[in-house]
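K.L.:
Coordinates in entry.cif, mmCIF, C-alpha atoms, are listed below.
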data_target
loop_
_atom_site.group_PDB
_atom_site.id
_atom_site.type_symbol
_atom_site.label_atom_id
_atom_site.label_comp_id
_atom_site.auth_asym_id
_atom_site.auth_seq_id
_atom_site.Cartn_x
_atom_site.Cartn_y
_atom_site.Cartn_z
ATOM 1 C CA MET A 1283 23.258 10.350 -9.582
ATOM 2 C CA ASP A 1284 19.489 10.827 -9.619
ATOM 3 C CA ARG A 1285 18.226 8.886 -12.657
ATOM 4 C CA ARG A 1286 15.167 11.094 -13.249
ATOM 5 C CA ARG A 1287 17.271 14.265 -13.143
ATOM 6 C CA PHE A 1288 19.882 12.720 -15.444
ATOM 7 C CA LEU A 1289 17.337 11.696 -18.064
ATOM 8 C CA THR A 1290 15.546 15.051 -17.935
ATOM 9 C CA GLY A 1291 18.868 16.781 -18.442
ATOM 10 C CA LEU A 1292 19.584 14.745 -21.570
ATOM 11 C CA CYS A 1293 16.224 15.591 -23.075
ATOM 12 C CA SER A 1294 16.413 19.310 -22.363
ATOM 13 C CA ALA A 1295 19.994 19.699 -23.519
ATOM 14 C CA GLY A 1296 19.464 17.697 -26.699
ATOM 15 C CA ALA A 1297 22.710 15.791 -26.146
ATOM 16 C CA ILE A 1298 21.131 12.527 -27.280
ATOM 17 C CA VAL A 1299 17.983 12.081 -29.330
ATOM 18 C CA MET A 1300 15.911 9.313 -27.763
ATOM 19 C CA PRO A 1301 12.298 8.378 -28.451
ATOM 20 C CA GLY A 1302 10.097 8.912 -25.425
ATOM 21 C CA CYS A 1303 12.046 11.821 -23.948
ATOM 22 C CA ALA A 1304 8.855 13.785 -23.499
ATOM 23 C CA THR A 1305 7.566 11.224 -21.006
ATOM 24 C CA VAL A 1306 11.010 10.283 -19.646
ATOM 25 C CA SER A 1307 10.301 6.769 -18.408
ATOM 26 C CA GLY A 1308 6.709 6.209 -19.535
ATOM 27 C CA GLU A 1309 4.725 6.616 -16.331
ATOM 28 C CA ARG A 1310 1.530 4.578 -16.076
ATOM 29 C CA THR A 1311 -1.243 4.474 -13.503
ATOM 30 C CA LEU A 1312 -2.979 1.174 -12.760
ATOM 31 C CA SER A 1313 -6.223 2.152 -11.027
ATOM 32 C CA GLU A 1314 -8.592 -0.742 -11.761
ATOM 33 C CA PRO A 1315 -7.185 -3.672 -9.776
ATOM 34 C CA THR A 1316 -8.948 -6.977 -9.264
ATOM 35 C CA VAL A 1317 -10.084 -7.503 -5.675
ATOM 36 C CA ARG A 1318 -9.480 -11.048 -4.465
ATOM 37 C CA LYS A 1319 -11.533 -11.879 -1.373
ATOM 38 C CA ASP A 1320 -10.482 -14.810 0.764
ATOM 39 C CA SER A 1321 -12.839 -13.655 3.520
ATOM 40 C CA ALA A 1322 -14.508 -10.452 4.712
ATOM 41 C CA GLY A 1323 -11.347 -9.471 6.602
ATOM 42 C CA ARG A 1324 -8.717 -10.881 4.243
ATOM 43 C CA GLN A 1325 -8.481 -9.348 0.786
ATOM 44 C CA THR A 1326 -5.949 -8.539 -1.930
ATOM 45 C CA LEU A 1327 -5.662 -5.908 -4.652
ATOM 46 C CA VAL A 1328 -4.140 -7.479 -7.804
ATOM 47 C CA PHE A 1329 -2.613 -5.099 -10.358
ATOM 48 C CA LYS A 1330 -2.047 -6.304 -13.930
ATOM 49 C CA GLN A 1331 -0.197 -4.836 -16.877
ATOM 50 C CA GLY A 1332 -0.663 -6.354 -20.317
ATOM 51 C CA GLY A 1333 -2.519 -9.336 -18.850
ATOM 52 C CA ASP A 1334 0.316 -10.234 -16.455
ATOM 53 C CA GLU A 1335 0.374 -9.514 -12.747
ATOM 54 C CA LEU A 1336 2.639 -6.583 -11.944
ATOM 55 C CA GLY A 1337 2.081 -6.671 -8.201
ATOM 56 C CA HIS A 1338 -0.403 -7.076 -5.412
ATOM 57 C CA PHE A 1339 -1.246 -5.597 -2.023
ATOM 58 C CA GLY A 1340 -2.940 -7.894 0.494
ATOM 59 C CA VAL A 1341 -4.132 -7.475 4.071
ATOM 60 C CA ASP A 1342 -5.206 -10.012 6.654
ATOM 61 C CA GLY A 1343 -6.919 -8.797 9.823
ATOM 62 C CA ARG A 1344 -8.038 -10.175 13.131
ATOM 63 C CA VAL A 1345 -9.876 -8.538 16.022
ATOM 64 C CA ASP A 1346 -8.355 -8.713 19.472
ATOM 65 C CA SER A 1347 -10.031 -6.857 22.366
ATOM 66 C CA GLY A 1348 -11.751 -4.420 20.039
ATOM 67 C CA VAL A 1349 -8.605 -3.611 18.029
ATOM 68 C CA ILE A 1350 -8.037 -4.683 14.409
ATOM 69 C CA ASP A 1351 -4.569 -6.209 13.980
ATOM 70 C CA LEU A 1352 -3.531 -6.063 10.329
ATOM 71 C CA SER A 1353 -0.687 -7.850 8.598
ATOM 72 C CA SER A 1354 0.090 -6.917 5.009
ATOM 73 C CA GLU A 1355 2.038 -8.082 1.985
ATOM 74 C CA ILE A 1356 3.283 -6.153 -1.029
ATOM 75 C CA TRP A 1357 4.533 -8.373 -3.852
ATOM 76 C CA HIS A 1358 5.868 -7.042 -7.129
ATOM 77 C CA ARG A 1359 7.185 -8.603 -10.308
ATOM 78 C CA GLU A 1360 10.874 -9.437 -10.574
ATOM 79 C CA GLY A 1361 12.760 -6.626 -12.239
ATOM 80 C CA THR A 1362 10.781 -3.888 -10.465
ATOM 81 C CA ARG A 1363 11.407 -1.887 -7.303
ATOM 82 C CA VAL A 1364 9.047 -0.271 -4.807
ATOM 83 C CA THR A 1365 9.926 3.409 -4.466
ATOM 84 C CA ALA A 1366 7.084 4.591 -2.210
ATOM 85 C CA ILE A 1367 4.040 3.276 -0.351
ATOM 86 C CA GLU A 1368 1.041 5.271 0.825
ATOM 87 C CA LEU A 1369 -1.815 3.707 2.782
ATOM 88 C CA ARG A 1370 -4.880 5.629 3.970
ATOM 89 C CA LEU A 1371 -7.093 3.905 6.551
ATOM 90 C CA TRP A 1372 -10.487 4.951 7.860
ATOM 91 C CA MET A 1373 -13.754 3.566 9.222
ATOM 92 C CA PRO A 1374 -16.458 4.720 6.741
ATOM 93 C CA GLU A 1375 -19.169 4.549 9.402
ATOM 94 C CA MET A 1376 -17.438 7.152 11.573
ATOM 95 C CA GLU A 1377 -15.565 9.574 9.318
ATOM 96 C CA GLN A 1378 -16.107 12.510 11.684
ATOM 97 C CA SER A 1379 -14.354 10.691 14.551
ATOM 98 C CA PRO A 1380 -11.234 9.079 13.070
ATOM 99 C CA ALA A 1381 -10.031 5.701 14.235
ATOM 100 C CA GLU A 1382 -6.617 5.500 15.864
ATOM 101 C CA VAL A 1383 -3.980 3.930 13.595
ATOM 102 C CA ALA A 1384 -0.520 2.770 14.648
ATOM 103 C CA VAL A 1385 2.442 1.064 12.972
ATOM 104 C CA VAL A 1386 3.364 -1.758 15.347
ATOM 105 C CA SER A 1387 6.284 -3.494 13.645
ATOM 106 C CA PRO A 1388 9.490 -2.357 11.918
ATOM 107 C CA VAL A 1389 9.371 -2.067 8.147
ATOM 108 C CA GLU A 1390 13.127 -2.485 7.769
ATOM 109 C CA GLY A 1391 15.200 -4.851 5.657
ATOM 110 C CA ASP A 1392 17.975 -7.216 6.711
ATOM 111 C CA SER A 1393 20.978 -5.003 6.083
ATOM 112 C CA SER A 1394 19.742 -1.448 5.617
ATOM 113 C CA PRO A 1395 18.457 1.297 7.896
ATOM 114 C CA PRO A 1396 14.682 1.460 8.340
ATOM 115 C CA PRO A 1397 12.739 3.422 5.712
ATOM 116 C CA ALA A 1398 11.194 6.802 6.396
ATOM 117 C CA VAL A 1399 7.693 6.356 7.855
ATOM 118 C CA ALA A 1400 5.247 9.226 8.395
ATOM 119 C CA LEU A 1401 1.702 9.193 9.821
ATOM 120 C CA TYR A 1402 -0.558 12.178 9.232
ATOM 121 C CA THR A 1403 -4.159 13.267 8.708
ATOM 122 C CA PRO A 1404 -4.736 14.087 5.012
ATOM 123 C CA ASP A 1405 -6.428 17.299 3.923
ATOM 124 C CA ARG A 1406 -10.091 16.919 2.936
ATOM 125 C CA LYS A 1407 -9.980 13.141 3.151
ATOM 126 C CA PRO A 1408 -10.983 10.876 6.015
ATOM 127 C CA GLY A 1409 -8.665 8.719 8.053
ATOM 128 C CA THR A 1410 -4.952 8.442 8.653
ATOM 129 C CA THR A 1411 -2.267 8.220 5.982
ATOM 130 C CA ILE A 1412 0.905 6.155 6.371
ATOM 131 C CA ALA A 1413 3.645 7.183 3.929
ATOM 132 C CA ILE A 1414 6.766 5.041 3.501
ATOM 133 C CA THR A 1415 9.777 6.092 1.417
ATOM 134 C CA ASP A 1416 13.532 5.374 1.186
ATOM 135 C CA LEU A 1417 12.996 1.614 1.265
ATOM 136 C CA ASP A 1418 16.624 0.729 0.414
ATOM 137 C CA ASP A 1419 17.073 -3.084 0.210
ATOM 138 C CA LEU A 1420 13.350 -3.639 0.871
ATOM 139 C CA ALA A 1421 12.593 -2.074 -2.514
ATOM 140 C CA ASP A 1422 13.501 -5.270 -4.386
ATOM 141 C CA GLU A 1423 11.749 -7.680 -2.009
ATOM 142 C CA THR A 1424 8.285 -8.844 -1.096
ATOM 143 C CA ILE A 1425 7.403 -6.547 1.794
ATOM 144 C CA SER A 1426 5.639 -8.461 4.543
ATOM 145 C CA THR A 1427 6.982 -6.697 7.636
ATOM 146 C CA LEU A 1428 4.382 -3.919 7.876
ATOM 147 C CA GLU A 1429 1.836 -4.529 10.616
ATOM 148 C CA LEU A 1430 -0.800 -2.076 11.780
ATOM 149 C CA ASN A 1431 -3.259 -1.621 14.636
ATOM 150 C CA VAL A 1432 -6.589 0.125 14.141
ATOM 151 C CA GLU A 1433 -8.688 1.072 17.165
ATOM 152 C CA PRO A 1434 -12.141 2.066 15.858
ATOM 153 C CA GLY A 1435 -13.152 4.241 18.796
ATOM 154 C CA SER A 1436 -16.733 3.047 18.330
ATOM 155 C CA GLU A 1437 -18.493 -0.147 19.321
ATOM 156 C CA THR A 1438 -20.794 -0.005 16.281
ATOM 157 C CA ALA A 1439 -18.341 0.565 13.402
ATOM 158 C CA THR A 1440 -17.402 -2.711 11.709
ATOM 159 C CA ALA A 1441 -16.043 -1.685 8.277
ATOM 160 C CA LEU A 1442 -12.464 -0.658 7.534
ATOM 161 C CA ALA A 1443 -11.418 0.999 4.259
ATOM 162 C CA ILE A 1444 -7.820 0.986 3.019
ATOM 163 C CA HIS A 1445 -6.685 3.020 0.023
ATOM 164 C CA ALA A 1446 -3.283 1.909 -1.242
ATOM 165 C CA THR A 1447 -0.976 3.786 -3.602
ATOM 166 C CA ILE A 1448 2.259 1.984 -4.476
ATOM 167 C CA GLU A 1449 4.955 3.479 -6.690
ATOM 168 C CA LEU A 1450 7.015 1.001 -8.751
ATOM 169 C CA THR A 1451 9.833 1.400 -11.240
ATOM 170 C CA GLU A 1452 11.534 -1.055 -13.585
ATOM 171 C CA ASN A 1453 15.194 -1.874 -12.912
ATOM 172 C CA LYS A 1454 16.550 -0.758 -16.249
ATOM 173 C CA LEU A 1455 17.569 2.398 -18.077
ATOM 174 C CA LEU A 1456 14.430 4.187 -19.281
ATOM 175 C CA GLY A 1457 12.338 1.620 -17.425
ATOM 176 C CA ARG A 1458 8.683 2.425 -16.947
ATOM 177 C CA GLU A 1459 7.317 3.790 -13.720
ATOM 178 C CA TYR A 1460 3.971 2.587 -12.395
ATOM 179 C CA THR A 1461 1.493 3.900 -9.856
ATOM 180 C CA ALA A 1462 -0.671 1.073 -8.503
ATOM 181 C CA ASP A 1463 -3.771 2.606 -6.944
ATOM 182 C CA GLY A 1464 -6.767 0.841 -5.414
ATOM 183 C CA GLU A 1465 -9.044 0.445 -2.423
ATOM 184 C CA LEU A 1466 -10.214 -2.358 -0.153
ATOM 185 C CA ARG A 1467 -13.224 -2.456 2.165
ATOM 186 C CA LEU A 1468 -12.894 -5.005 4.935
ATOM 187 C CA GLU A 1469 -15.630 -6.160 7.303
ATOM 188 C CA TYR A 1470 -15.196 -7.196 10.936
ATOM 189 C CA PRO A 1471 -18.694 -7.854 12.323
ATOM 190 C CA ILE A 1472 -17.197 -9.235 15.535
ATOM 191 C CA LEU A 1473 -16.510 -5.612 16.524
ATOM 192 C CA ALA A 1474 -20.250 -5.117 17.002
ATOM 193 C CA ASP A 1475 -20.238 -7.878 19.617
ATOM 194 C CA GLY A 1476 -18.330 -5.631 21.990
ATOM 195 C CA LYS A 1477 -14.733 -5.605 23.149
ATOM 196 C CA ASN A 1478 -14.399 -9.375 23.576
ATOM 197 C CA GLY A 1479 -12.630 -9.619 20.182
ATOM 198 C CA GLY A 1480 -10.865 -12.941 20.245
ATOM 199 C CA HIS A 1481 -8.292 -14.138 17.747
ATOM 200 C CA ASN A 1482 -10.467 -15.065 14.783
ATOM 201 C CA ARG A 1483 -8.518 -13.848 11.770
ATOM 202 C CA GLY A 1484 -10.808 -12.405 9.102
ATOM 203 C CA LYS A 1485 -14.007 -13.626 10.798
ATOM 204 C CA SER A 1486 -17.160 -12.772 8.858
ATOM 205 C CA SER A 1487 -20.842 -12.972 9.617
#
Mind turning this structure into structure tokens?
P.N.:
Amino acid sequence: MDRRRFLTGLCSAGAIVMPGCATVSGERTLSEPTVRKDSAGRQTLVFKQGGDELGHFGVDGRVDSGVIDLSSEIWHREGTRVTAIELRLWMPEMEQSPAEVAVVSPVEGDSSPPPAVALYTPDRKPGTTIAITDLDDLADETISTLELNVEPGSETATALAIHATIELTENKLLGREYTADGELRLEYPILADGKNGGHNRGKSS
């Protein structure tokens, strides 16, 4: 049974009087994360609730033959589940000519079918959006199986922006739902040196 539909039904029918019915599960948006920078090409968005870390989204990139290879990690506090992930990637220096973005590794768990993954161009926003839903057994885990390739399409663009929106819910009846929303700007100056790339993860000037 769909939990959201079940709870909404209780509130509308008046079968049980519960405080907080108007907001169902108490949705909250966390839109001012701390940005932790290990290097120009390796950064993490840290989301906190009540002074404690609720979750984080980190990326680590390297340039190989003019292509940015990105590995990522989504960690979330025990007792929460990831219900949806949306990443939007673009090169701010060339918004009119979008970079090519590809998912290069499976995002699946150990014992469940792979989640639904969609790539599309958003309306009135630059870049490419990757939307991931139906995470099944991955929802309770640290997700570190999502790897991406970004081909800038320009020999002068060196900056990569990533906007992340991660939906979380607590694993309990009437648990709160959270939207973790933030943006990273990564720098890969080696791209300006041409297509030689190399394997220097997160190299900065």
K.L.:
Can you tell me which residues surround A:Thr1403 at a distance of at most 10 Å, considering all atoms listed in the file, apart from same-chain residues fewer than 4 positions away, and format the answer as a list in words?
P.N.:
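Non-adjacent residues within range: Arg1370, Pro1380, Lys1407, Pro1408, Gly1409, Thr1410, Thr1411 and Ile1412 of chain A.
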K.L.:
Apply the PyMOL selection byres ((chain A and resi 1437) around 10) to the structure shown and report the selected residues as a VMD selection string.
P.N.:
chain A and resid 1348 1434 to 1436 1438 to 1440 1472 to 1477
K.L.:
Write out, as an mmCIF file, in the frame of the given file, the residues just selected, with C-alpha atoms.
P.N.:
data_model
loop_
_atom_site.group_PDB
_atom_site.id
_atom_site.type_symbol
_atom_site.label_atom_id
_atom_site.label_comp_id
_atom_site.auth_asym_id
_atom_site.auth_seq_id
_atom_site.Cartn_x
_atom_site.Cartn_y
_atom_site.Cartn_z
ATOM 1 C CA GLY A 1348 -11.751 -4.420 20.039
ATOM 2 C CA PRO A 1434 -12.141 2.066 15.858
ATOM 3 C CA GLY A 1435 -13.152 4.241 18.796
ATOM 4 C CA SER A 1436 -16.733 3.047 18.330
ATOM 5 C CA THR A 1438 -20.794 -0.005 16.281
ATOM 6 C CA ALA A 1439 -18.341 0.565 13.402
ATOM 7 C CA THR A 1440 -17.402 -2.711 11.709
ATOM 8 C CA ILE A 1472 -17.197 -9.235 15.535
ATOM 9 C CA LEU A 1473 -16.510 -5.612 16.524
ATOM 10 C CA ALA A 1474 -20.250 -5.117 17.002
ATOM 11 C CA ASP A 1475 -20.238 -7.878 19.617
ATOM 12 C CA GLY A 1476 -18.330 -5.631 21.990
ATOM 13 C CA LYS A 1477 -14.733 -5.605 23.149
#
K.L.:
Quick check on the file I pasted: which residues fall under the PyMOL selection byres ((chain A and resi 1449-1455) around 6)? Write them as a list in words.
P.N.:
Gly1361, Thr1362, Arg1363, Val1364, Thr1365, Ala1366, Ile1448, Leu1456, Gly1457, Arg1458, Glu1459, Tyr1460 and Thr1461 of chain A
K.L.:
Which residues would end up in the selection if the PyMOL selection byres ((chain A and resi 1416) around 9) were applied here, given that I need the answer as an NGL selection string?
P.N.:
:A and (1365-1366 or 1396-1399 or 1414-1415 or 1417-1418 or 1421)
K.L.:
For A:Ile1444, which residue among A:Ile1425, A:Met1373, A:Val1386, A:Leu1401 is the nearest when counting all atoms listed in the file?
P.N.:
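That would be A:Met1373, the residue with the smallest distance to A:Ile1444.
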K.L.:
Counting all atoms listed in the file, give me one row per residue of stretch 1326-1438 of chain A with an atom at most 12 Å from an atom of stretch 1465-1469 of chain A, showing the shortest contact pair and its distance in Å to one decimal, sorted by chain then residue number, as CSV.
P.N.:
residue,atom,partner,partner_atom,distance
A:Thr1326,CA,A:Leu1466,CA,7.7
A:Leu1327,CA,A:Leu1466,CA,7.3
A:Val1328,CA,A:Glu1465,CA,10.8
A:Phe1329,CA,A:Glu1465,CA,11.6
A:His1338,CA,A:Glu1465,CA,11.8
A:Phe1339,CA,A:Leu1466,CA,9.7
A:Gly1340,CA,A:Leu1466,CA,9.2
A:Val1341,CA,A:Leu1466,CA,9.0
A:Asp1342,CA,A:Leu1468,CA,9.3
A:Gly1343,CA,A:Leu1468,CA,8.6
A:Arg1344,CA,A:Glu1469,CA,10.4
A:Val1345,CA,A:Glu1469,CA,10.7
A:Ile1350,CA,A:Glu1469,CA,10.5
A:Leu1352,CA,A:Leu1468,CA,10.9
A:Glu1368,CA,A:Glu1465,CA,11.6
A:Leu1369,CA,A:Glu1465,CA,9.5
A:Arg1370,CA,A:Glu1465,CA,9.2
A:Leu1371,CA,A:Leu1466,CA,9.7
A:Trp1372,CA,A:Arg1467,CA,9.7
A:Met1373,CA,A:Arg1467,CA,9.3
A:Pro1374,CA,A:Arg1467,CA,9.1
A:Glu1375,CA,A:Glu1469,CA,11.5
K.L.:
May I ask for the distance between atom CA of A:Thr1447 and atom CA of A:Gly1464, given in Å to one decimal place?
P.N.:
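Straight-line distance from atom CA of A:Thr1447 to atom CA of A:Gly1464 works out to 6.7 Å.
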K.L.:
Smallest atom-to-atom distance to A:Glu1355: which of A:Glu1423, A:Asp1463, A:Glu1314, A:Glu1335, using all atoms listed in the file?
P.N.:
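Among A:Glu1423, A:Asp1463, A:Glu1314, A:Glu1335, it is A:Glu1423 that comes nearest to A:Glu1355.
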K.L.:
What does the distance from atom CA of A:Ser1426 to atom CA of A:Glu1360 come to in Å, to one decimal?
P.N.:
16.0 Å
K.L.:
Return the single residue from A:Glu1390, A:Tyr1470, A:Ala1462, A:Gly1333 that is closest to A:Leu1312, with distances computed using all atoms listed in the file.
P.N.:
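Ranking A:Glu1390, A:Tyr1470, A:Ala1462, A:Gly1333 by distance to A:Leu1312, first place goes to A:Ala1462.
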K.L.:
Could you work out how far atom CA of A:Val1349 lies from atom CA of A:Pro1315, giving the answer in Å with one decimal?
P.N.:
27.8 Å
K.L.:
What box, with edges along x, y and z, holds each listed atom of stretch 1442-1449 of chain A when 5 Å is added on every side, and can you state its centre and edge lengths in Å to one decimal, as AutoDock Vina command-line options?
P.N.:
--center_x -3.8 --center_y 1.6 --center_z 0.4 --size_x 27.4 --size_y 14.4 --size_z 24.2
K.L.:
Can you work out which one of A:Thr1316, A:Thr1311, A:Gln1325, A:Asn1431 has the shortest atom-to-atom distance to A:Val1383, counting all atoms listed in the file?
P.N.:
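Smallest distance to A:Val1383 is found for A:Asn1431.
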K.L.:
Smallest atom-to-atom distance to A:Asp1422: which of A:Ala1446, A:Ala1441, A:Ala1381, A:Trp1357, using all atoms listed in the file?
P.N.:
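For A:Asp1422, the nearest of the given residues is A:Trp1357.
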